$ cat structure31.pdb   # PDB, C-alpha atoms
ATOM      1  CA  MET A   1     -22.042  13.612 -16.049  1.00  0.00           C
ATOM      2  CA  THR A   2     -24.601  15.726 -14.202  1.00  0.00           C
ATOM      3  CA  GLU A   3     -24.797  14.111 -10.763  1.00  0.00           C
ATOM      4  CA  LYS A   4     -21.845  14.375  -8.406  1.00  0.00           C
ATOM      5  CA  LYS A   5     -20.378  10.954  -7.579  1.00  0.00           C
ATOM      6  CA  ARG A   6     -18.633  10.195  -4.310  1.00  0.00           C
ATOM      7  CA  VAL A   7     -15.558   8.056  -3.627  1.00  0.00           C
ATOM      8  CA  LEU A   8     -14.036   6.929  -0.319  1.00  0.00           C
ATOM      9  CA  MET A   9     -10.420   5.737  -0.152  1.00  0.00           C
ATOM     10  CA  VAL A  10      -9.683   3.290   2.683  1.00  0.00           C
ATOM     11  CA  CYS A  11      -6.509   1.847   4.172  1.00  0.00           C
ATOM     12  CA  LEU A  12      -5.646   0.539   7.601  1.00  0.00           C
ATOM     13  CA  GLY A  13      -4.943   3.717   9.592  1.00  0.00           C
ATOM     14  CA  ASN A  14      -5.889   6.587   7.223  1.00  0.00           C
ATOM     15  CA  THR A  15      -2.524   8.341   7.280  1.00  0.00           C
ATOM     16  CA  CYS A  16      -0.630   7.013   4.232  1.00  0.00           C
ATOM     17  CA  ARG A  17      -2.214   5.231   1.271  1.00  0.00           C
ATOM     18  CA  SER A  18      -5.811   6.421   1.566  1.00  0.00           C
ATOM     19  CA  THR A  19      -4.735  10.019   2.131  1.00  0.00           C
ATOM     20  CA  ILE A  20      -2.332   9.938  -0.818  1.00  0.00           C
ATOM     21  CA  ALA A  21      -5.098   8.487  -3.014  1.00  0.00           C
ATOM     22  CA  GLU A  22      -7.591  11.092  -1.754  1.00  0.00           C
ATOM     23  CA  ALA A  23      -5.216  13.981  -2.448  1.00  0.00           C
ATOM     24  CA  ILE A  24      -4.444  12.700  -5.960  1.00  0.00           C
ATOM     25  CA  PHE A  25      -8.139  12.211  -6.722  1.00  0.00           C
ATOM     26  CA  LYS A  26      -9.022  15.715  -5.467  1.00  0.00           C
ATOM     27  CA  ASN A  27      -6.183  17.256  -7.446  1.00  0.00           C
ATOM     28  CA  TYR A  28      -7.177  15.423 -10.627  1.00  0.00           C
ATOM     29  CA  VAL A  29     -10.887  16.268 -10.500  1.00  0.00           C
ATOM     30  CA  GLU A  30     -10.148  19.929  -9.743  1.00  0.00           C
ATOM     31  CA  LYS A  31      -7.821  20.181 -12.751  1.00  0.00           C
ATOM     32  CA  MET A  32     -10.308  18.389 -15.033  1.00  0.00           C
ATOM     33  CA  ASN A  33     -13.333  20.220 -13.583  1.00  0.00           C
ATOM     34  CA  TYR A  34     -15.118  16.910 -12.933  1.00  0.00           C
ATOM     35  CA  LEU A  35     -18.093  16.667 -10.585  1.00  0.00           C
ATOM     36  CA  TRP A  36     -16.704  14.268  -7.992  1.00  0.00           C
ATOM     37  CA  GLU A  37     -16.227  14.248  -4.228  1.00  0.00           C
ATOM     38  CA  VAL A  38     -13.604  12.194  -2.437  1.00  0.00           C
ATOM     39  CA  ASP A  39     -12.734  11.467   1.171  1.00  0.00           C
ATOM     40  CA  SER A  40     -10.705   8.858   3.024  1.00  0.00           C
ATOM     41  CA  SER A  41     -10.988   6.709   6.149  1.00  0.00           C
ATOM     42  CA  GLY A  42      -9.208   3.929   7.954  1.00  0.00           C
ATOM     43  CA  LEU A  43     -10.319   0.510   9.080  1.00  0.00           C
ATOM     44  CA  ARG A  44      -8.724   0.916  12.517  1.00  0.00           C
ATOM     45  CA  GLY A  45      -8.596   3.871  14.884  1.00  0.00           C
ATOM     46  CA  TYR A  46      -4.808   3.870  15.290  1.00  0.00           C
ATOM     47  CA  HIS A  47      -4.439   7.479  14.130  1.00  0.00           C
ATOM     48  CA  VAL A  48      -7.888   9.035  14.644  1.00  0.00           C
ATOM     49  CA  GLY A  49      -7.554  12.789  15.028  1.00  0.00           C
ATOM     50  CA  GLU A  50      -4.074  12.927  13.486  1.00  0.00           C
ATOM     51  CA  GLY A  51      -3.057  14.432  10.176  1.00  0.00           C
ATOM     52  CA  PRO A  52      -1.462  12.468   7.339  1.00  0.00           C
ATOM     53  CA  ASN A  53       1.929  10.842   7.874  1.00  0.00           C
ATOM     54  CA  GLN A  54       4.653  13.416   7.232  1.00  0.00           C
ATOM     55  CA  ARG A  55       6.257  11.190   4.579  1.00  0.00           C
ATOM     56  CA  ALA A  56       2.921  11.092   2.710  1.00  0.00           C
ATOM     57  CA  LEU A  57       2.729  14.897   2.845  1.00  0.00           C
ATOM     58  CA  ASN A  58       6.338  15.151   1.637  1.00  0.00           C
ATOM     59  CA  ILE A  59       5.611  12.915  -1.373  1.00  0.00           C
ATOM     60  CA  LEU A  60       2.463  14.848  -2.231  1.00  0.00           C
ATOM     61  CA  GLU A  61       4.358  18.138  -2.091  1.00  0.00           C
ATOM     62  CA  LYS A  62       7.287  16.714  -4.070  1.00  0.00           C
ATOM     63  CA  ASN A  63       4.779  15.805  -6.782  1.00  0.00           C
ATOM     64  CA  GLY A  64       3.083  19.206  -6.823  1.00  0.00           C
ATOM     65  CA  ILE A  65       0.137  18.646  -4.454  1.00  0.00           C
ATOM     66  CA  LYS A  66       0.446  21.270  -1.764  1.00  0.00           C
ATOM     67  CA  ASN A  67      -1.813  22.330   1.096  1.00  0.00           C
ATOM     68  CA  TYR A  68      -3.519  18.948   1.497  1.00  0.00           C
ATOM     69  CA  HIS A  69      -5.254  18.592   4.854  1.00  0.00           C
ATOM     70  CA  HIS A  70      -7.065  15.630   6.363  1.00  0.00           C
ATOM     71  CA  ILE A  71      -7.824  14.351   9.855  1.00  0.00           C
ATOM     72  CA  ALA A  72      -7.753  10.567  10.214  1.00  0.00           C
ATOM     73  CA  LYS A  73     -11.039   8.835  10.957  1.00  0.00           C
ATOM     74  CA  VAL A  74     -12.542   5.355  10.872  1.00  0.00           C
ATOM     75  CA  ILE A  75     -15.027   4.141   8.284  1.00  0.00           C
ATOM     76  CA  LYS A  76     -18.616   3.935   9.514  1.00  0.00           C
ATOM     77  CA  ASN A  77     -21.691   2.039   8.313  1.00  0.00           C
ATOM     78  CA  GLN A  78     -23.275   5.181   6.862  1.00  0.00           C
ATOM     79  CA  ASP A  79     -20.328   5.525   4.467  1.00  0.00           C
ATOM     80  CA  PHE A  80     -21.607   2.518   2.522  1.00  0.00           C
ATOM     81  CA  ASP A  81     -24.719   4.504   1.604  1.00  0.00           C
ATOM     82  CA  ASP A  82     -23.084   7.917   1.318  1.00  0.00           C
ATOM     83  CA  PHE A  83     -20.454   6.882  -1.233  1.00  0.00           C
ATOM     84  CA  ASP A  84     -20.772   5.382  -4.718  1.00  0.00           C
ATOM     85  CA  TRP A  85     -17.387   3.619  -4.511  1.00  0.00           C
ATOM     86  CA  ILE A  86     -15.271   2.550  -1.578  1.00  0.00           C
ATOM     87  CA  PHE A  87     -11.738   1.593  -2.546  1.00  0.00           C
ATOM     88  CA  GLY A  88      -9.430  -0.534  -0.399  1.00  0.00           C
ATOM     89  CA  MET A  89      -5.702  -0.609  -1.009  1.00  0.00           C
ATOM     90  CA  ASP A  90      -4.908  -4.295  -0.433  1.00  0.00           C
ATOM     91  CA  GLU A  91      -6.584  -7.672   0.076  1.00  0.00           C
ATOM     92  CA  TYR A  92      -6.892  -7.212   3.838  1.00  0.00           C
ATOM     93  CA  ASN A  93      -8.624  -3.849   3.363  1.00  0.00           C
ATOM     94  CA  LEU A  94     -10.960  -5.365   0.791  1.00  0.00           C
ATOM     95  CA  SER A  95     -11.878  -8.378   2.923  1.00  0.00           C
ATOM     96  CA  LYS A  96     -12.645  -6.157   5.947  1.00  0.00           C
ATOM     97  CA  LEU A  97     -14.692  -3.767   3.810  1.00  0.00           C
ATOM     98  CA  ILE A  98     -16.719  -6.678   2.444  1.00  0.00           C
ATOM     99  CA  GLU A  99     -17.322  -7.895   6.019  1.00  0.00           C
ATOM    100  CA  LEU A 100     -18.498  -4.420   7.079  1.00  0.00           C
ATOM    101  CA  LYS A 101     -20.604  -3.781   3.986  1.00  0.00           C
ATOM    102  CA  PRO A 102     -24.345  -3.758   4.784  1.00  0.00           C
ATOM    103  CA  LYS A 103     -26.726  -5.582   2.470  1.00  0.00           C
ATOM    104  CA  ASN A 104     -28.380  -3.465  -0.209  1.00  0.00           C
ATOM    105  CA  CYS A 105     -26.003  -0.539   0.274  1.00  0.00           C
ATOM    106  CA  ARG A 106     -25.176   1.984  -2.411  1.00  0.00           C
ATOM    107  CA  ALA A 107     -21.381   1.643  -2.520  1.00  0.00           C
ATOM    108  CA  GLN A 108     -19.408  -0.584  -4.824  1.00  0.00           C
ATOM    109  CA  VAL A 109     -16.479  -1.987  -2.828  1.00  0.00           C
ATOM    110  CA  GLU A 110     -13.331  -2.673  -4.841  1.00  0.00           C
ATOM    111  CA  LEU A 111      -9.562  -2.503  -4.798  1.00  0.00           C
ATOM    112  CA  LEU A 112      -8.299   0.791  -6.183  1.00  0.00           C
ATOM    113  CA  GLY A 113      -5.574  -1.240  -7.881  1.00  0.00           C
ATOM    114  CA  LYS A 114      -8.217  -2.901 -10.052  1.00  0.00           C
ATOM    115  CA  TYR A 115      -7.891   0.215 -12.204  1.00  0.00           C
ATOM    116  CA  HIS A 116      -4.109   0.085 -12.605  1.00  0.00           C
ATOM    117  CA  PRO A 117      -3.403  -0.168 -16.341  1.00  0.00           C
ATOM    118  CA  SER A 118      -0.471  -2.577 -15.750  1.00  0.00           C
ATOM    119  CA  GLY A 119      -2.367  -4.791 -13.327  1.00  0.00           C
ATOM    120  CA  GLU A 120      -0.569  -3.680 -10.130  1.00  0.00           C
ATOM    121  CA  VAL A 121      -3.607  -4.546  -8.038  1.00  0.00           C
ATOM    122  CA  ILE A 122      -2.104  -4.261  -4.533  1.00  0.00           C
ATOM    123  CA  ILE A 123      -0.976  -0.931  -3.123  1.00  0.00           C
ATOM    124  CA  GLU A 124       1.397  -1.949  -0.333  1.00  0.00           C
ATOM    125  CA  ASP A 125       1.450  -0.134   3.006  1.00  0.00           C
ATOM    126  CA  PRO A 126       4.588   2.055   3.211  1.00  0.00           C
ATOM    127  CA  TYR A 127       4.090   2.976   6.880  1.00  0.00           C
ATOM    128  CA  PHE A 128       6.807   0.726   8.332  1.00  0.00           C
ATOM    129  CA  GLU A 129       9.342   1.349   5.568  1.00  0.00           C
ATOM    130  CA  ASN A 130      12.390   3.420   6.476  1.00  0.00           C
ATOM    131  CA  ASN A 131      12.698   5.137   3.128  1.00  0.00           C
ATOM    132  CA  ILE A 132      10.648   7.541   1.068  1.00  0.00           C
ATOM    133  CA  THR A 133      10.825   5.334  -2.043  1.00  0.00           C
ATOM    134  CA  SER A 134       7.873   3.211  -0.938  1.00  0.00           C
ATOM    135  CA  PHE A 135       5.749   6.370  -0.554  1.00  0.00           C
ATOM    136  CA  GLN A 136       6.674   7.428  -4.087  1.00  0.00           C
ATOM    137  CA  THR A 137       5.661   3.962  -5.310  1.00  0.00           C
ATOM    138  CA  VAL A 138       2.266   4.365  -3.599  1.00  0.00           C
ATOM    139  CA  TYR A 139       1.910   7.805  -5.167  1.00  0.00           C
ATOM    140  CA  ASP A 140       2.728   6.508  -8.657  1.00  0.00           C
ATOM    141  CA  GLN A 141       0.330   3.570  -8.323  1.00  0.00           C
ATOM    142  CA  CYS A 142      -2.477   5.806  -7.083  1.00  0.00           C
ATOM    143  CA  VAL A 143      -1.979   8.294  -9.931  1.00  0.00           C
ATOM    144  CA  ALA A 144      -2.252   5.509 -12.517  1.00  0.00           C
ATOM    145  CA  CYS A 145      -5.331   4.002 -10.850  1.00  0.00           C
ATOM    146  CA  VAL A 146      -7.162   7.281 -10.275  1.00  0.00           C
ATOM    147  CA  GLU A 147      -6.548   8.530 -13.804  1.00  0.00           C
ATOM    148  CA  ASN A 148      -7.679   5.236 -15.334  1.00  0.00           C
ATOM    149  CA  PHE A 149     -10.758   5.018 -13.094  1.00  0.00           C
ATOM    150  CA  LEU A 150     -11.833   8.579 -13.889  1.00  0.00           C
ATOM    151  CA  LYS A 151     -11.251   8.151 -17.626  1.00  0.00           C
ATOM    152  CA  GLN A 152     -13.479   5.058 -17.580  1.00  0.00           C
ATOM    153  CA  GLU A 153     -16.207   6.638 -15.455  1.00  0.00           C
ATOM    154  CA  ASN A 154     -16.267   9.999 -17.210  1.00  0.00           C
ATOM    155  CA  SER A 155     -16.471   8.414 -20.654  1.00  0.00           C
ATOM    156  CA  SER A 156     -19.522   6.299 -19.787  1.00  0.00           C
TER     157      SER A 156
END
$ encode --input "structure31.pdb" --output "structure tokens"
Amino acid sequence: MTEKKRVLMVCLGNTCRSTIAEAIFKNYVEKMNYLWEVDSSGLRGYHVGEGPNQRALNILEKNGIKNYHHIAKVIKNQDFDDFDWIFGMDEYNLSKLIELKPKNCRAQVELLGKYHPSGEVIIEDPYFENNITSFQTVYDQCVACVENFLKQENSS
């Protein structure tokens, strides 16, 4: 692959799922020396200007991804032309992304879970859960999806 491809991870507020997926993707492409860029955004401005949820950062660190930084932002129309793929985490994310998607844009809009080898298509929002287990589940799902997606794309 000679041209750098770009991926945008999207969830509702850009502090949990999309940031976990972004961090995993960045970590994976750095280790594999792949030419990819990744970023993340939210559909709503609930957390604009804030860093990732502390539980998301704890899970990333627990799994060996340290020093991840991101400031929450909201997806914008230009993103649909700046990115090759825009991945939502659940059906609500996907439906809103499809509504926002301009005609004839560059980005393919899909669920990240489409790439889960076991068919776990929906990555549930852990934000309102009182335990860290749901964040680990999100992490595990995102790892499986990102690895499978990159294997498919880098072999073509």
$ resolve_selection --input "structure31.pdb" --expression "the PyMOL selection byres ((chain A and resi 34-42) around 7)" --output "list of chain:residue names"
A:Lys4, A:Lys5, A:Arg6, A:Val7, A:Leu8, A:Met9, A:Val10, A:Cys11, A:Leu12, A:Gly13, A:Asn14, A:Ser18, A:Thr19, A:Glu22, A:Phe25, A:Lys26, A:Val29, A:Glu30, A:Met32, A:Asn33, A:Leu43, A:Arg44, A:Gly45, A:Ala72, A:Lys73, A:Val74, A:Ile75
$ closest_residue --input "structure31.pdb" --among "A:Pro102, A:Ile123, A:Gly113, A:Asp84" --to "Glu153 (chain A)" --atoms "only C-alpha atoms"
A:Asp84
$ resolve_selection --input "structure31.pdb" --expression "the PyMOL selection byres ((chain A and resi 67) around 12)" --output "ChimeraX atom specification"
/A:23,26-27,52,57-58,60-62,64-66,68-70
$ closest_residue --input "structure31.pdb" --among "A:Ala107, A:Ala21, A:Ile132, A:Met89" --to "Gln54 (chain A)" --atoms "all atoms listed in the file"
A:Ile132
$ resolve_selection --input "structure31.pdb" --expression "the PyMOL selection byres ((chain A and resi 101) around 10)" --output "list in words"
Lys76, Asn77, Gln78, Asp79, Phe80, Asp81, Ile86, Ser95, Lys96, Leu97, Ile98, Glu99, Leu100, Pro102, Lys103, Asn104, Cys105, Arg106, Ala107, Gln108 and Val109 of chain A
